Amino acid sequence: MACPTRSPLQPAMLLGSPSFPNAIAWSDDNLIAVASGHLRPDLPNGPRGVIKVSPLEPLLVGFVERKDLLSGCLLPTALYRDDKPVVQSISWSPVGIAANSGCLIAVCTSEGHMKVYRPPYCDFCAEWIEVVDITERLYECFQCTVFRGTGISSLDFSEVPNIRSCLLRNASDQTDSMSKPNGTLSKKMPENCMLPLISADEYASRSAMLCSLVVSWSPLLRGAFESYPVPNTCASVCLLAVGGKSGKISLWRFHQPDCYTIEDKKVPTAVKFVGLLQAHNSWVTSISWLLFAFDSSNPQILLATGSSDGSVKVWLGDNDKLLKSSKVDQTSFLLLKEVITVNPVPVSVLSVTVHDEYPSKILLAAGKGSGSFEIWLCDISCGEFDKLGSYDAHDYVVTGLAWAFGGRFLYSCSHVIFFSLGFQLAGFHNAAKDNLVHSWILHESRLDEVTIFSDMPRSNNSTCPSRDAFDSCFGVAVSPGNLVIATVHCFDAEKLNRMYEGRILKAAIEYFWIGGLQVDVGLKSPFPCYIEEYSSFPEKELTYWEANILWSLNQYQCPDKPVVIWDIIAALSAFKDNKSKYVEHLLIKWLSLSFLGSHMDIPPEKVLSHVCSSLSDIPSRLLHLLNIICRRVILAKLDVDQITRINSKVQNLEEVCPATEKQFTKWIEILLSSERELRERLVGFSFSAFRTSMAHPEATPSQDGCWYPVGLGQMEQWIALDHEHVRDQLKSIASEVTHEKRYYLPLRV
């Protein structure tokens with residue numbers, strides 16, 4: 001795992017090469033995971049975290065006769081000799097699923113084993129911690145159901161129990177059957193005596209059911225649970241889909257923790273087995289989720305699956321069964337459409353998103369092993385699926401597909417295939433070198449190729465070897481704000497310095513700015529005075545940057561989207577470093593659209609004054625965004641002490657910061673006023689929660705689903721110190737809380 005550094009587009013060198021498609025993933029909390037080989041967490045610029053993949057003992061599913069080892073179905077198992085497994089598939093969970101409020105990561109290895117990990121609690125520890133072994137859980141489940149000839153739906157997994165007790169009972173029964181007539185045990189009992197003698201086909205079938213190939217997390221799902229102690233409490237869950245060689249997808253439900261901690265290392269992760277979906281008749285090679293919330297009162301969960309038999313299917317999930325059922329259910333998904341039927345070309349990657357211009361429709365991109373991909377437009381409300389086209393974009397297998405800006409852009413990548421004799425076909429490398437990453441823009445019902453990246457006002461002084469040294473790309477990921485893409489490339493060893501680079505460098509993560517790419521809408525150009533300061537920038541590109549940054553900022557108005565705006569802050573800071581008023585113009589326009597709801601050109605002074613006087617009417621989420629942008633962009637050159645002094649002596653601003661302009665003072669006023677507004681809301685919310693807990697004394701703070709505020713004494717002290725500036729409503733609530741504390745707390749003791 002890695003986090004974008006201060007120089008946001010500085011490539012990151014890797015000491016191991018990826019081997020499978022979709023080898024890079026960007027999390028909602030701004031971490032990048034790469035399915036690489038050997039990692040060195042002790043390097044100065046190395047990864048922030050590492051997950052070590054070690055060979056595991058094969059799961060014992062039964063015994064076969066020695067003569068059956070040479071049968072066709074068991075030949076791959078008998079000839080398997082790989083003692084150094086690599087990561088085959090990775091996927092990040094949404095924010096808030098881990099016990100520390102971060103993301104979990106699911107890792108599937110080339111051995112077919114799947115585990116889930118969480119970040120370490122200690123900042124000085126690089127290795128991530130295993131949370132649950134999904135393959136082991138599935139194995140235990142099958143040992144008590146499928147492998148014994150019973151239906152899997154007969155088990156109740158409401159608590160995801162340890163099924164080893166079932167195995168122990170089974171072993172105990174077989175042990176009794178091996179006892180001598182006088183009741184004493186035999187001197188030597190065969191190890192794993194509970195395992196039956198099965199046919200070669202049965203052994204291959206069981207192994208395929210346990211061999212995982214691809215993994216994918218769903219978006220966060222919310223549902224009301226009557227079992228929660230507090231009425232109308234909403235619990236959030238996330239589904240983990242694991243596709244295997246049998247064509248089945250196992251579904252696991254992870255519950256969001258009731259409370260978060262960074263101290264308790266033994267917080268259990270609530271995991272429930274939902275069931276199995278027979279998605280295909282061959283290997284499941286790709287899975288993609290989408291939360292379709294066109295009707296906010298009835299959001300739908302969609303699942304797109306691809307297979308090695310070339311088929312692609314779209315499934316609609318049953319929310320009630322997925323969220324609430326405590327028993328394994330085989331009917332949790334309904335097949336909407338087999339978008340691509342069985343054909344000789346396997347599916348390598350899938351990517352699905354909601355159409356930005358038509359929220360009732362979704363866009364599906366399916367990459368194939370032939371180097372082509374197909375685009376489908378799906379209207380879920382009426383079940384219509386229209387093929388927009390097929391594009392022979394690459395010469396070899398498509399290893400990555402990623403939508404950006406609500407389906408307006410699509411990025412695809414491929415990798416070079418080497419021959420086993422150690423040489424490449426004449427002319428192959430030069431032909432494929434420029435065929436690794438492509439960028440596409442969607443015009444109505446067709447894709448047009450555009451430039452991959454856009455320029456920025458400052459260079460990054462990259463120390464990475466030339467891009468000509470790249471020979472393969474194994475995945476592409478889009479940043480949370482959609483302004484940057486990350487790709488993972490392998491190096492051509494023949495084009496590296498054999499003495500230095502060639503010995504240690506195997507692959508690299510490369511970043512591209514995409515915020516200045518073409519926008520297919522009518523836009524008004526920025527003011528001429530701003531364009532003159534960027535004489536090297538085309539006028540249209542500045543306009544595109546403005547439109548795309550505004551689009552990214554508007555996405556954070558959705559309360560379910562985590563406030564991770566690293567790429568937005570980095571882009572605004574890069575423009576501002578050239579002493580330009582372009583950034584201020586852009587932010588004024590954002591304030592006018594989001595805070596005032598006006599599309600007209602309003603003078604900046606009027607916009608800032610109106611925002612400063614109407615902070616109480618602005619949602620807290622927008623206030624958080626405004627606060628971050630003020631501190632990290634507009635006032636980035638002022639430290640905390642300077643802002644504090646300005647707060648006490650605003651009238652003497654010229655003495656404190658002589659270079660500060662008059663309009664700069666207004667931004668400081670907005671910053672300090674927004675912080676005070678947020679602080680008052682937090683204090684008021686805490687007091688209201690305290691009053692609610694006093695009104696329901698049966699709900700203890702340690703009870704699941706209950707929240708009890710801490711630090712009430714400090715909050716009361718803050719109100720007392722700022723009594724003149726605090727609103728009367730908050731003063732009244734604080735007075736009532738003080739009275740209730742004196743009356744109720746002694747009684748509860």
# chains A, B, ... in the order shown; residues from 1 in each chain; ligands from 1

$ residues_around --residues "range 128-143 of chain A" --least-positions-apart "6" --cutoff "7 Å" --atoms "only C-alpha atoms" --output "number ranges by chain"
A: 49-51, 113-120, 163-164, 210

$ write_last_selection --atoms "all heavy atoms" --output "compact mmCIF listing (two decimals), in the first residue's frame"
# COMPACT_ATOMS: atom_id res chain seq x y z
N GLY A 49 2.55 0.24 3.83
CA GLY A 49 2.10 -1.03 4.39
C GLY A 49 2.45 -2.16 3.46
O GLY A 49 2.69 -1.96 2.26
N VAL A 50 2.48 -3.36 4.00
CA VAL A 50 2.84 -4.52 3.20
C VAL A 50 2.05 -5.72 3.70
O VAL A 50 1.78 -5.85 4.89
CB VAL A 50 4.36 -4.79 3.28
CG1 VAL A 50 4.78 -5.07 4.70
CG2 VAL A 50 4.75 -5.96 2.39
N ILE A 51 1.66 -6.56 2.77
CA ILE A 51 1.00 -7.83 3.09
C ILE A 51 1.85 -8.94 2.48
O ILE A 51 2.03 -8.99 1.25
CB ILE A 51 -0.43 -7.88 2.53
CG1 ILE A 51 -1.29 -6.81 3.21
CG2 ILE A 51 -1.04 -9.25 2.72
CD1 ILE A 51 -2.68 -6.69 2.62
N HIS A 113 -6.30 -18.81 -2.56
CA HIS A 113 -6.65 -18.53 -1.17
C HIS A 113 -7.02 -17.05 -1.04
O HIS A 113 -6.36 -16.19 -1.63
CB HIS A 113 -5.48 -18.85 -0.26
CG HIS A 113 -5.90 -19.43 1.05
ND1 HIS A 113 -6.02 -20.79 1.27
CD2 HIS A 113 -6.25 -18.84 2.22
CE1 HIS A 113 -6.42 -21.01 2.52
NE2 HIS A 113 -6.56 -19.84 3.11
N MET A 114 -8.06 -16.75 -0.26
CA MET A 114 -8.56 -15.40 -0.10
C MET A 114 -8.62 -15.01 1.37
O MET A 114 -9.20 -15.73 2.18
CB MET A 114 -9.95 -15.28 -0.72
CG MET A 114 -10.18 -13.96 -1.44
SD MET A 114 -10.28 -12.54 -0.35
CE MET A 114 -11.75 -12.93 0.54
N LYS A 115 -8.01 -13.87 1.72
CA LYS A 115 -8.03 -13.36 3.08
C LYS A 115 -8.35 -11.87 3.08
O LYS A 115 -8.18 -11.18 2.06
CB LYS A 115 -6.67 -13.59 3.77
CG LYS A 115 -6.30 -15.05 3.98
CD LYS A 115 -4.97 -15.17 4.72
CE LYS A 115 -4.59 -16.62 4.95
NZ LYS A 115 -3.31 -16.76 5.69
N VAL A 116 -8.80 -11.39 4.22
CA VAL A 116 -9.12 -9.97 4.41
C VAL A 116 -8.18 -9.43 5.48
O VAL A 116 -7.97 -10.06 6.52
CB VAL A 116 -10.59 -9.77 4.81
CG1 VAL A 116 -10.89 -8.30 5.06
CG2 VAL A 116 -11.52 -10.33 3.73
N TYR A 117 -7.65 -8.22 5.24
CA TYR A 117 -6.69 -7.60 6.14
C TYR A 117 -7.15 -6.21 6.55
O TYR A 117 -7.93 -5.56 5.84
CB TYR A 117 -5.31 -7.49 5.47
CG TYR A 117 -4.69 -8.81 5.10
CD1 TYR A 117 -5.02 -9.45 3.89
CD2 TYR A 117 -3.77 -9.43 5.93
CE1 TYR A 117 -4.45 -10.66 3.54
CE2 TYR A 117 -3.19 -10.65 5.58
CZ TYR A 117 -3.54 -11.26 4.39
OH TYR A 117 -2.98 -12.46 4.04
N ARG A 118 -6.65 -5.77 7.69
CA ARG A 118 -6.90 -4.42 8.18
C ARG A 118 -5.57 -3.71 8.41
O ARG A 118 -4.52 -4.36 8.55
CB ARG A 118 -7.69 -4.46 9.50
CG ARG A 118 -6.93 -5.12 10.64
CD ARG A 118 -7.56 -4.79 11.99
NE ARG A 118 -6.92 -5.50 13.10
CZ ARG A 118 -5.80 -5.13 13.68
NH1 ARG A 118 -5.16 -4.06 13.23
NH2 ARG A 118 -5.30 -5.82 14.69
N PRO A 119 -5.58 -2.37 8.48
CA PRO A 119 -4.33 -1.65 8.74
C PRO A 119 -3.86 -1.88 10.16
O PRO A 119 -4.66 -2.14 11.07
CB PRO A 119 -4.70 -0.19 8.51
CG PRO A 119 -6.18 -0.13 8.70
CD PRO A 119 -6.70 -1.46 8.24
N PRO A 120 -2.55 -1.80 10.41
CA PRO A 120 -2.03 -1.97 11.77
C PRO A 120 -2.40 -0.77 12.63
O PRO A 120 -2.58 0.34 12.13
CB PRO A 120 -0.51 -2.07 11.56
CG PRO A 120 -0.27 -1.33 10.28
CD PRO A 120 -1.49 -1.57 9.43
N ILE A 163 -17.31 -23.58 12.69
CA ILE A 163 -17.91 -24.84 12.29
C ILE A 163 -16.99 -26.01 12.60
O ILE A 163 -17.28 -27.15 12.29
CB ILE A 163 -18.27 -24.80 10.80
CG1 ILE A 163 -18.97 -23.47 10.50
CG2 ILE A 163 -19.22 -25.90 10.40
CD1 ILE A 163 -19.29 -23.31 9.04
N ARG A 164 -15.86 -25.73 13.22
CA ARG A 164 -14.95 -26.82 13.58
C ARG A 164 -15.62 -27.81 14.54
O ARG A 164 -15.27 -28.98 14.58
CB ARG A 164 -13.68 -26.27 14.20
CG ARG A 164 -12.83 -25.49 13.22
CD ARG A 164 -11.49 -25.13 13.83
NE ARG A 164 -10.73 -24.30 12.93
CZ ARG A 164 -9.97 -24.75 11.96
NH1 ARG A 164 -9.90 -26.06 11.76
NH2 ARG A 164 -9.30 -23.94 11.19
N LEU A 210 -13.37 -24.27 -3.94
CA LEU A 210 -12.57 -23.57 -2.93
C LEU A 210 -11.48 -22.69 -3.52
O LEU A 210 -10.83 -21.95 -2.78
CB LEU A 210 -11.93 -24.59 -1.98
CG LEU A 210 -12.89 -25.37 -1.10
CD1 LEU A 210 -12.15 -26.49 -0.36
CD2 LEU A 210 -13.59 -24.46 -0.10

$ residues_around --residues "range 376-379 of chain A" --least-positions-apart "6" --cutoff "9 Å" --atoms "only C-alpha atoms" --output "MDAnalysis selection string"
chainID A and resid 339 355 360:366 385:389 445

$ residues_around --residues "Trp566 in chain A" --least-positions-apart "5" --cutoff "10 Å" --atoms "only C-alpha atoms" --output "compact mmCIF listing (two decimals) with N, CA and C atoms, in the first residue's frame"
# COMPACT_ATOMS: atom_id res chain seq x y z
N PRO A 4 -0.19 8.82 -1.96
CA PRO A 4 0.43 9.82 -2.78
C PRO A 4 1.27 10.78 -1.95
N PRO A 8 2.70 15.14 -5.92
CA PRO A 8 1.61 14.18 -6.15
C PRO A 8 1.80 13.26 -7.34
N ASP A 29 -10.07 6.11 1.15
CA ASP A 29 -9.29 6.92 2.09
C ASP A 29 -7.88 7.19 1.57
N ASN A 30 -7.72 7.15 0.24
CA ASN A 30 -6.52 7.64 -0.45
C ASN A 30 -5.30 6.76 -0.25
N SER A 479 -8.42 8.35 -8.93
CA SER A 479 -8.37 8.93 -7.59
C SER A 479 -9.77 9.25 -7.09
N PRO A 480 -9.94 9.45 -5.77
CA PRO A 480 -11.28 9.73 -5.23
C PRO A 480 -11.96 10.95 -5.86
N GLY A 481 -11.17 11.96 -6.23
CA GLY A 481 -11.75 13.15 -6.84
C GLY A 481 -11.78 13.12 -8.35
N LEU A 483 -9.45 13.40 -10.54
CA LEU A 483 -8.54 14.30 -11.24
C LEU A 483 -7.22 13.63 -11.60
N VAL A 484 -6.96 12.44 -11.08
CA VAL A 484 -5.69 11.75 -11.32
C VAL A 484 -6.00 10.28 -11.59
N ALA A 571 -4.21 19.92 -7.11
CA ALA A 571 -4.39 20.66 -8.36
C ALA A 571 -4.53 22.16 -8.10

$ residues_around --residues "range 485-498 of chain A" --least-positions-apart "6" --cutoff "6 Å" --atoms "only C-alpha atoms" --output "ChimeraX atom specification"
/A:469-479,506-512

$ atom_distance --atom1 "CA of Leu682 in chain A" --atom2 "CA of Ala98 in chain A"
24.1 Å

$ atom_distance --atom1 "CA of Ser372 in chain A" --atom2 "CA of Arg408 in chain A"
19.3 Å

$ closest_residue --among "A:Val450, A:Leu615, A:Ala734, A:Leu401" --to "Thr353 in chain A" --atoms "only C-alpha atoms"
A:Leu401

$ decode --residues "range 678-693 of chain A" --atoms "N, CA and C atoms" --output "PDB file, in the first residue's frame"
ATOM      1  N   LEU A 678     -18.904  25.271  12.911  1.00  0.00           N
ATOM      2  CA  LEU A 678     -18.785  23.819  13.042  1.00  0.00           C
ATOM      3  C   LEU A 678     -18.615  23.415  14.500  1.00  0.00           C
ATOM      4  N   ARG A 679     -17.867  24.211  15.256  1.00  0.00           N
ATOM      5  CA  ARG A 679     -17.656  23.897  16.669  1.00  0.00           C
ATOM      6  C   ARG A 679     -18.966  24.003  17.442  1.00  0.00           C
ATOM      7  N   GLU A 680     -19.741  25.011  17.149  1.00  0.00           N
ATOM      8  CA  GLU A 680     -21.025  25.161  17.836  1.00  0.00           C
ATOM      9  C   GLU A 680     -21.969  24.011  17.491  1.00  0.00           C
ATOM     10  N   ARG A 681     -21.945  23.571  16.239  1.00  0.00           N
ATOM     11  CA  ARG A 681     -22.812  22.453  15.855  1.00  0.00           C
ATOM     12  C   ARG A 681     -22.385  21.168  16.559  1.00  0.00           C
ATOM     13  N   LEU A 682     -21.089  20.946  16.676  1.00  0.00           N
ATOM     14  CA  LEU A 682     -20.605  19.754  17.360  1.00  0.00           C
ATOM     15  C   LEU A 682     -20.998  19.778  18.832  1.00  0.00           C
ATOM     16  N   VAL A 683     -20.838  20.925  19.472  1.00  0.00           N
ATOM     17  CA  VAL A 683     -21.209  21.032  20.880  1.00  0.00           C
ATOM     18  C   VAL A 683     -22.710  20.841  21.054  1.00  0.00           C
ATOM     19  N   GLY A 684     -23.489  21.470  20.183  1.00  0.00           N
ATOM     20  CA  GLY A 684     -24.939  21.314  20.277  1.00  0.00           C
ATOM     21  C   GLY A 684     -25.392  19.888  20.037  1.00  0.00           C
ATOM     22  N   PHE A 685     -24.767  19.217  19.093  1.00  0.00           N
ATOM     23  CA  PHE A 685     -25.107  17.817  18.828  1.00  0.00           C
ATOM     24  C   PHE A 685     -24.750  16.938  20.029  1.00  0.00           C
ATOM     25  N   SER A 686     -23.608  17.184  20.638  1.00  0.00           N
ATOM     26  CA  SER A 686     -23.191  16.401  21.803  1.00  0.00           C
ATOM     27  C   SER A 686     -24.144  16.612  22.969  1.00  0.00           C
ATOM     28  N   PHE A 687     -24.551  17.842  23.190  1.00  0.00           N
ATOM     29  CA  PHE A 687     -25.499  18.119  24.269  1.00  0.00           C
ATOM     30  C   PHE A 687     -26.843  17.448  24.004  1.00  0.00           C
ATOM     31  N   SER A 688     -27.280  17.473  22.745  1.00  0.00           N
ATOM     32  CA  SER A 688     -28.560  16.828  22.413  1.00  0.00           C
ATOM     33  C   SER A 688     -28.476  15.321  22.619  1.00  0.00           C
ATOM     34  N   ALA A 689     -27.334  14.723  22.264  1.00  0.00           N
ATOM     35  CA  ALA A 689     -27.162  13.288  22.484  1.00  0.00           C
ATOM     36  C   ALA A 689     -27.165  12.958  23.971  1.00  0.00           C
ATOM     37  N   PHE A 690     -26.578  13.828  24.783  1.00  0.00           N
ATOM     38  CA  PHE A 690     -26.575  13.610  26.228  1.00  0.00           C
ATOM     39  C   PHE A 690     -27.993  13.659  26.788  1.00  0.00           C
ATOM     40  N   ARG A 691     -28.774  14.623  26.327  1.00  0.00           N
ATOM     41  CA  ARG A 691     -30.155  14.735  26.797  1.00  0.00           C
ATOM     42  C   ARG A 691     -30.970  13.517  26.382  1.00  0.00           C
ATOM     43  N   THR A 692     -30.724  12.998  25.171  1.00  0.00           N
ATOM     44  CA  THR A 692     -31.432  11.807  24.721  1.00  0.00           C
ATOM     45  C   THR A 692     -31.083  10.603  25.591  1.00  0.00           C
ATOM     46  N   SER A 693     -29.798  10.469  25.936  1.00  0.00           N
ATOM     47  CA  SER A 693     -29.383   9.348  26.782  1.00  0.00           C
ATOM     48  C   SER A 693     -29.972   9.459  28.185  1.00  0.00           C
TER      49      SER A 693
END
